[in-house]
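Peer 1: Can you keep this structure in mind? I'll have questions shortly.
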Amino acid sequence: MEAPGGAEGERCPHPIGKMLDVPFLPFCLLLGLLGSMCVAFVSAWCQYWRGGFAWDGSTQMFNWHPVLMVTGMVVLYGAASLVYRLPASWSGPKLPWKVLHGCLALAAFTLAVLGLVAVFRFHNDHGTPNMYSLHSWLGLVTVLLFCCQWLAGLSTFLLPWAPAWLRGLYKPIHVFFGSIILLLAAASCVSGINEKLFFSLKNGTEQYKLLPPEAVFANTLGLLILLFAVLVLSALARPSWKRPDASCPDSRQPLLAAER
């Protein structure tokens, strides 16, 4: 007979002892600051240097594209990825955290769709070809993967028809592609910033190669996005910040199943 606290206890240790010696809260505050800076920088760039915002097919409508993509696909998506790293989620029912994770991801996807609407409408109204650049290919692949990821997560972890073995099989795939999508989103945003600067800064003293203030500001935005994504991925990869119940019998319980 297994003694209490044996193999089962080792597989499902109580997280409180580990939680106390991990400086997750300062790290989380740093990520919140970086995410806010990303949104503030992209908004200021489009407002101050690119002419502001509108929803009428003009250049100002295009400016919604970078703001919505950075806010949705990088900042909100990164926040959704870290829901299960919050120490408060390590104990008690998982239902509220699953709902929060899904809602943040859905909000990110909604902003991404609006960002695509903004850029496609701008291109169509101005006779600009769609989907010819590497940035556009990478961005569309990222959004499509995100859509598939969200639907697969909804079907597997929310609805009760998926058997336990399928949920257990799909969970590491879901986590893996979650990280890949964040990497692709950061790469898409950085390539989009670079493409916009090349198109916009071409004349006189405002040439990109002369590094005018707008170029410095937008390049800094790109570095902030990359730093945010790298820090989110480092948090996801740190074992001591993972919910330590992956092997517990109820860890693969569907969201709509009865709580014990």
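Chain labels A, B, ... are given in the sequence in which chains occur in the structure tokens; within each chain residues are numbered consecutively from 1, and ligands are likewise numbered from 1 in the order shown.
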At a cut-off of 7 Å, using only C-alpha atoms, what residues contact region 179-185 of chain A? Leave out same-chain residues fewer than 4 positions from it and give the result as a list in words.
Peer 2: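 Listing them by chain and then by number gives Met73, Val74, Gly139, Thr142, Phe146, Val175, Cys189, Ala229 and Leu233 of chain A.
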Peer 1: Could you find all residues in region 108-219 of chain A that DSSP calls alpha helix (DSSP H) from the backbone, and write them as a PyMOL selection string?
Peer 2: chain A and resi 108-125+134-153+164-200+213-219
Peer 1: I'd like to know which of A:Ala162, A:Ser133, A:Val141, A:Gly153 is closest to Asn194 (chain A), using only C-alpha atoms.
Peer 2: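 Smallest distance to Asn194 (chain A) is found for A:Ser133.
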Peer 1: Need the shell around Met37 (chain A): protein/DNA/RNA residues with any atom at most 9 Å away, counting only C-alpha atoms. Skip same-chain ones fewer than 4 positions apart. Format as a list in words?
Peer 2: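 Result of the neighbour search: Gly32, Leu33, Phe41, Val42, Leu221 and Leu224 of chain A.
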Peer 1: Output N, CA, C and O atoms for every residue in the selection just made, as a short mmCIF file (atom, residue, chain, number, x, y, z; two decimals), in the first residue's frame.
Peer 2:
```cif
data_model
loop_
_atom_site.label_atom_id
_atom_site.label_comp_id
_atom_site.auth_asym_id
_atom_site.auth_seq_id
_atom_site.Cartn_x
_atom_site.Cartn_y
_atom_site.Cartn_z
N GLY A 32 3.20 43.71 -17.33
CA GLY A 32 2.10 44.65 -17.50
C GLY A 32 2.58 46.01 -17.96
O GLY A 32 1.96 46.65 -18.83
N LEU A 33 3.69 46.46 -17.39
CA LEU A 33 4.27 47.74 -17.80
C LEU A 33 4.74 47.70 -19.24
O LEU A 33 4.47 48.63 -20.02
N PHE A 41 3.06 53.13 -27.20
CA PHE A 41 4.00 53.51 -28.25
C PHE A 41 3.35 53.40 -29.64
O PHE A 41 3.49 54.31 -30.47
N VAL A 42 2.64 52.29 -29.89
CA VAL A 42 2.06 52.14 -31.22
C VAL A 42 0.94 53.15 -31.43
O VAL A 42 0.77 53.69 -32.54
N LEU A 221 9.67 50.76 -30.52
CA LEU A 221 8.44 49.98 -30.38
C LEU A 221 8.68 48.52 -30.75
O LEU A 221 8.23 47.61 -30.04
N LEU A 224 10.47 46.80 -27.96
CA LEU A 224 9.57 46.55 -26.83
C LEU A 224 8.69 45.34 -27.08
O LEU A 224 8.46 44.52 -26.17
#
```
Peer 1: Could you name the residues that touch Gly178 (chain A) at 10 Å or less, counting only C-alpha atoms, but leaving out those on the same chain fewer than 4 positions away, as JSON, numbers by chain?
Peer 2: {"A": [77, 78, 80, 81, 145, 146, 149, 150, 172, 173, 174, 182, 183, 233, 236]}
Peer 1: CA of Val70 (chain A) and CA of Asn130 (chain A), how far apart in Å?
Peer 2: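 Interatomic distance here is 20.1 Å.
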Peer 1: Would you pick out the contacts of Val99 (chain A) at 12 Å or less, using only C-alpha atoms, so that residues sharing its chain but fewer than 2 positions from it are not included, and give the list as a tab-separated table (two decimals) with all heavy atoms, in the first residue's frame?
Peer 2:
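Full text of around.tsv as output:
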```tsv
chain	number	residue	atom	x	y	z
A	80	ALA	N	-3.30	36.24	-22.00
A	80	ALA	CA	-4.06	34.99	-21.98
A	80	ALA	C	-3.15	33.79	-21.75
A	80	ALA	O	-3.51	32.85	-21.03
A	80	ALA	CB	-4.83	34.84	-23.29
A	83	VAL	N	-2.29	33.16	-17.92
A	83	VAL	CA	-3.35	33.01	-16.91
A	83	VAL	C	-3.03	31.87	-15.94
A	83	VAL	O	-3.16	32.02	-14.71
A	83	VAL	CB	-4.71	32.78	-17.60
A	83	VAL	CG1	-5.73	32.22	-16.60
A	83	VAL	CG2	-5.23	34.07	-18.19
A	84	TYR	N	-2.55	30.73	-16.46
A	84	TYR	CA	-2.28	29.59	-15.61
A	84	TYR	C	-0.94	29.68	-14.89
A	84	TYR	O	-0.56	28.75	-14.19
A	84	TYR	CB	-2.37	28.30	-16.42
A	84	TYR	CG	-3.77	27.99	-16.87
A	84	TYR	CD1	-4.11	28.03	-18.22
A	84	TYR	CD2	-4.75	27.66	-15.95
A	84	TYR	CE1	-5.40	27.76	-18.63
A	84	TYR	CE2	-6.05	27.38	-16.35
A	84	TYR	CZ	-6.36	27.43	-17.70
A	84	TYR	OH	-7.64	27.16	-18.11
A	89	SER	N	-4.20	30.84	-9.45
A	89	SER	CA	-4.85	29.78	-10.23
A	89	SER	C	-4.36	28.40	-9.87
A	89	SER	O	-4.86	27.40	-10.41
A	89	SER	CB	-4.61	30.01	-11.73
A	89	SER	OG	-3.25	29.72	-12.08
A	93	PRO	N	-10.95	25.66	-7.86
A	93	PRO	CA	-11.54	25.28	-9.15
A	93	PRO	C	-10.86	25.99	-10.32
A	93	PRO	O	-10.45	27.14	-10.22
A	93	PRO	CB	-13.00	25.72	-9.01
A	93	PRO	CG	-12.98	26.78	-7.97
A	93	PRO	CD	-11.90	26.42	-7.01
A	94	LYS	N	-10.75	25.27	-11.42
A	94	LYS	CA	-10.11	25.83	-12.61
A	94	LYS	C	-11.10	26.57	-13.51
A	94	LYS	O	-10.67	27.23	-14.46
A	94	LYS	CB	-9.43	24.70	-13.40
A	94	LYS	CG	-8.32	24.02	-12.65
A	94	LYS	CD	-7.72	22.87	-13.43
A	94	LYS	CE	-6.91	23.35	-14.60
A	94	LYS	NZ	-6.20	22.24	-15.27
A	95	LEU	N	-12.39	26.44	-13.22
A	95	LEU	CA	-13.40	27.03	-14.08
A	95	LEU	C	-13.18	28.53	-14.32
A	95	LEU	O	-13.17	28.97	-15.48
A	95	LEU	CB	-14.79	26.78	-13.51
A	95	LEU	CG	-15.97	27.47	-14.20
A	95	LEU	CD1	-16.06	27.05	-15.66
A	95	LEU	CD2	-17.28	27.16	-13.47
A	96	PRO	N	-12.99	29.36	-13.28
A	96	PRO	CA	-12.83	30.79	-13.54
A	96	PRO	C	-11.61	31.09	-14.40
A	96	PRO	O	-11.63	32.01	-15.23
A	96	PRO	CB	-12.68	31.40	-12.13
A	96	PRO	CG	-13.25	30.38	-11.21
A	96	PRO	CD	-12.97	29.06	-11.83
A	97	TRP	N	-10.55	30.31	-14.23
A	97	TRP	CA	-9.32	30.57	-14.97
A	97	TRP	C	-9.45	30.12	-16.42
A	97	TRP	O	-8.90	30.75	-17.33
A	97	TRP	CB	-8.15	29.89	-14.27
A	97	TRP	CG	-8.06	30.32	-12.85
A	97	TRP	CD1	-8.42	29.61	-11.73
A	97	TRP	CD2	-7.64	31.61	-12.38
A	97	TRP	NE1	-8.24	30.37	-10.60
A	97	TRP	CE2	-7.74	31.60	-10.96
A	97	TRP	CE3	-7.16	32.75	-13.02
A	97	TRP	CZ2	-7.41	32.69	-10.20
A	97	TRP	CZ3	-6.82	33.85	-12.24
A	97	TRP	CH2	-6.94	33.81	-10.85
A	101	HIS	N	-9.03	32.69	-19.43
A	101	HIS	CA	-8.10	32.36	-20.51
A	101	HIS	C	-8.80	32.41	-21.87
A	101	HIS	O	-8.32	33.04	-22.82
A	101	HIS	CB	-7.52	30.96	-20.28
A	101	HIS	CG	-6.62	30.47	-21.36
A	101	HIS	ND1	-5.34	30.96	-21.56
A	101	HIS	CD2	-6.80	29.51	-22.31
A	101	HIS	CE1	-4.79	30.34	-22.59
A	101	HIS	NE2	-5.65	29.46	-23.06
A	102	GLY	N	-9.98	31.80	-21.96
A	102	GLY	CA	-10.71	31.79	-23.21
A	102	GLY	C	-11.22	33.16	-23.62
A	102	GLY	O	-11.18	33.52	-24.80
A	103	CYS	N	-11.66	33.94	-22.64
A	103	CYS	CA	-12.19	35.29	-22.95
A	103	CYS	C	-11.08	36.23	-23.41
A	103	CYS	O	-11.27	37.02	-24.34
A	103	CYS	CB	-12.91	35.86	-21.74
A	103	CYS	SG	-14.50	35.08	-21.40
A	104	LEU	N	-9.92	36.17	-22.76
A	104	LEU	CA	-8.80	37.00	-23.20
A	104	LEU	C	-8.36	36.63	-24.61
A	104	LEU	O	-8.08	37.50	-25.44
A	104	LEU	CB	-7.63	36.87	-22.23
A	104	LEU	CG	-7.75	37.59	-20.89
A	104	LEU	CD1	-6.59	37.22	-19.98
A	104	LEU	CD2	-7.82	39.10	-21.09
A	105	ALA	N	-8.32	35.33	-24.89
A	105	ALA	CA	-7.94	34.89	-26.23
A	105	ALA	C	-8.98	35.33	-27.26
A	105	ALA	O	-8.64	35.75	-28.37
A	105	ALA	CB	-7.77	33.37	-26.25
A	106	LEU	N	-10.26	35.23	-26.90
A	106	LEU	CA	-11.31	35.66	-27.82
A	106	LEU	C	-11.25	37.16	-28.07
A	106	LEU	O	-11.44	37.63	-29.20
A	106	LEU	CB	-12.68	35.28	-27.26
A	106	LEU	CG	-13.89	35.62	-28.13
A	106	LEU	CD1	-13.80	34.93	-29.49
A	106	LEU	CD2	-15.19	35.24	-27.42
A	153	GLY	N	-9.06	24.45	-28.78
A	153	GLY	CA	-9.11	24.53	-27.33
A	153	GLY	C	-10.54	24.53	-26.80
A	153	GLY	O	-10.85	23.87	-25.80
A	154	LEU	N	-11.42	25.26	-27.49
A	154	LEU	CA	-12.83	25.28	-27.10
A	154	LEU	C	-13.43	23.89	-27.18
A	154	LEU	O	-14.12	23.42	-26.27
A	154	LEU	CB	-13.59	26.24	-28.01
A	154	LEU	CG	-15.11	26.30	-27.84
A	154	LEU	CD1	-15.46	26.97	-26.52
A	154	LEU	CD2	-15.76	27.02	-29.00
A	157	PHE	N	-11.28	21.40	-24.44
A	157	PHE	CA	-11.24	21.67	-23.01
A	157	PHE	C	-12.52	22.26	-22.45
A	157	PHE	O	-12.74	22.22	-21.24
A	157	PHE	CB	-10.07	22.61	-22.69
A	157	PHE	CG	-8.73	22.05	-23.06
A	157	PHE	CD1	-7.94	22.68	-24.00
A	157	PHE	CD2	-8.27	20.88	-22.49
A	157	PHE	CE1	-6.71	22.16	-24.36
A	157	PHE	CE2	-7.04	20.35	-22.83
A	157	PHE	CZ	-6.27	20.99	-23.77
A	158	LEU	N	-13.36	22.84	-23.30
A	158	LEU	CA	-14.61	23.43	-22.80
A	158	LEU	C	-15.76	22.45	-22.89
A	158	LEU	O	-16.49	22.24	-21.93
A	158	LEU	CB	-14.94	24.69	-23.59
A	158	LEU	CG	-16.31	25.33	-23.30
A	158	LEU	CD1	-16.38	25.77	-21.85
A	158	LEU	CD2	-16.57	26.50	-24.22
A	254	PRO	N	-12.94	18.43	-18.33
A	254	PRO	CA	-13.49	19.47	-19.20
A	254	PRO	C	-14.17	20.56	-18.39
A	254	PRO	O	-14.65	20.31	-17.28
A	254	PRO	CB	-14.49	18.72	-20.08
A	254	PRO	CG	-14.88	17.52	-19.28
A	254	PRO	CD	-13.64	17.13	-18.52
A	255	LEU	N	-14.24	21.72	-18.96
A	255	LEU	CA	-14.77	22.88	-18.25
A	255	LEU	C	-16.22	22.69	-17.84
A	255	LEU	O	-16.62	23.10	-16.77
A	255	LEU	CB	-14.64	24.12	-19.14
A	255	LEU	CG	-15.14	25.44	-18.59
A	255	LEU	CD1	-14.39	25.78	-17.32
A	255	LEU	CD2	-14.98	26.54	-19.61
A	256	LEU	N	-17.02	22.05	-18.70
A	256	LEU	CA	-18.43	21.90	-18.41
A	256	LEU	C	-18.76	20.69	-17.57
A	256	LEU	O	-19.91	20.42	-17.27
A	256	LEU	CB	-19.23	21.84	-19.72
A	256	LEU	CG	-19.16	23.12	-20.56
A	256	LEU	CD1	-20.05	22.97	-21.78
A	256	LEU	CD2	-19.57	24.33	-19.75
```
Peer 1: In Å, rounded to a single decimal, give me how far CA of Val230 (chain A) is from CA of Ser200 (chain A).
Peer 2: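 Taking CA of Ser200 (chain A) and CA of Val230 (chain A), their separation equals 28.3 Å.
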Peer 1: Find, counting only C-alpha atoms, the residue in A:Phe177, A:Trp161, A:Trp64, A:Trp90 that gets nearest to Arg121 (chain A).
Peer 2: A:Trp64
Peer 1: Select, from A:Gly115, A:Gly192, A:Pro163, A:Gly168, the residue with the minimum atom-to-atom distance to Ser136 (chain A), counting only C-alpha atoms.
Peer 2: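 Going through A:Gly115, A:Gly192, A:Pro163, A:Gly168 one by one, the smallest distance to Ser136 (chain A) is for A:Gly192.
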Peer 1: Looking at A:Leu68, A:Ala215, A:Leu86, A:Cys46, which one is nearest to Leu29 (chain A), with distances taken over only C-alpha atoms?
Peer 2: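 So, comparing all the options, the nearest one is A:Leu86.
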Peer 1: Could you check the closest approach to His123 (chain A) for each of A:His65, A:Lys209, A:Arg238, A:Arg50 and tell me which residue wins, using only C-alpha atoms?
Peer 2: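 Residue with the minimum atom-to-atom distance to His123 (chain A): A:His65.
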Peer 1: When you draw a straight line from CA of Gly52 (chain A) to CA of Leu210 (chain A), how long is it in Å?
Peer 2: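 Straight-line distance from CA of Gly52 (chain A) to CA of Leu210 (chain A) works out to 24.1 Å.
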Peer 1: Residues near Ala218 (chain A), anyone? I mean within 12 Å using only C-alpha atoms, not counting same-chain ones fewer than 2 positions away, as a ChimeraX atom specification.
Peer 2: /A:38,40-46,48-50,66,189-198,200-201,208,211-216,220-225
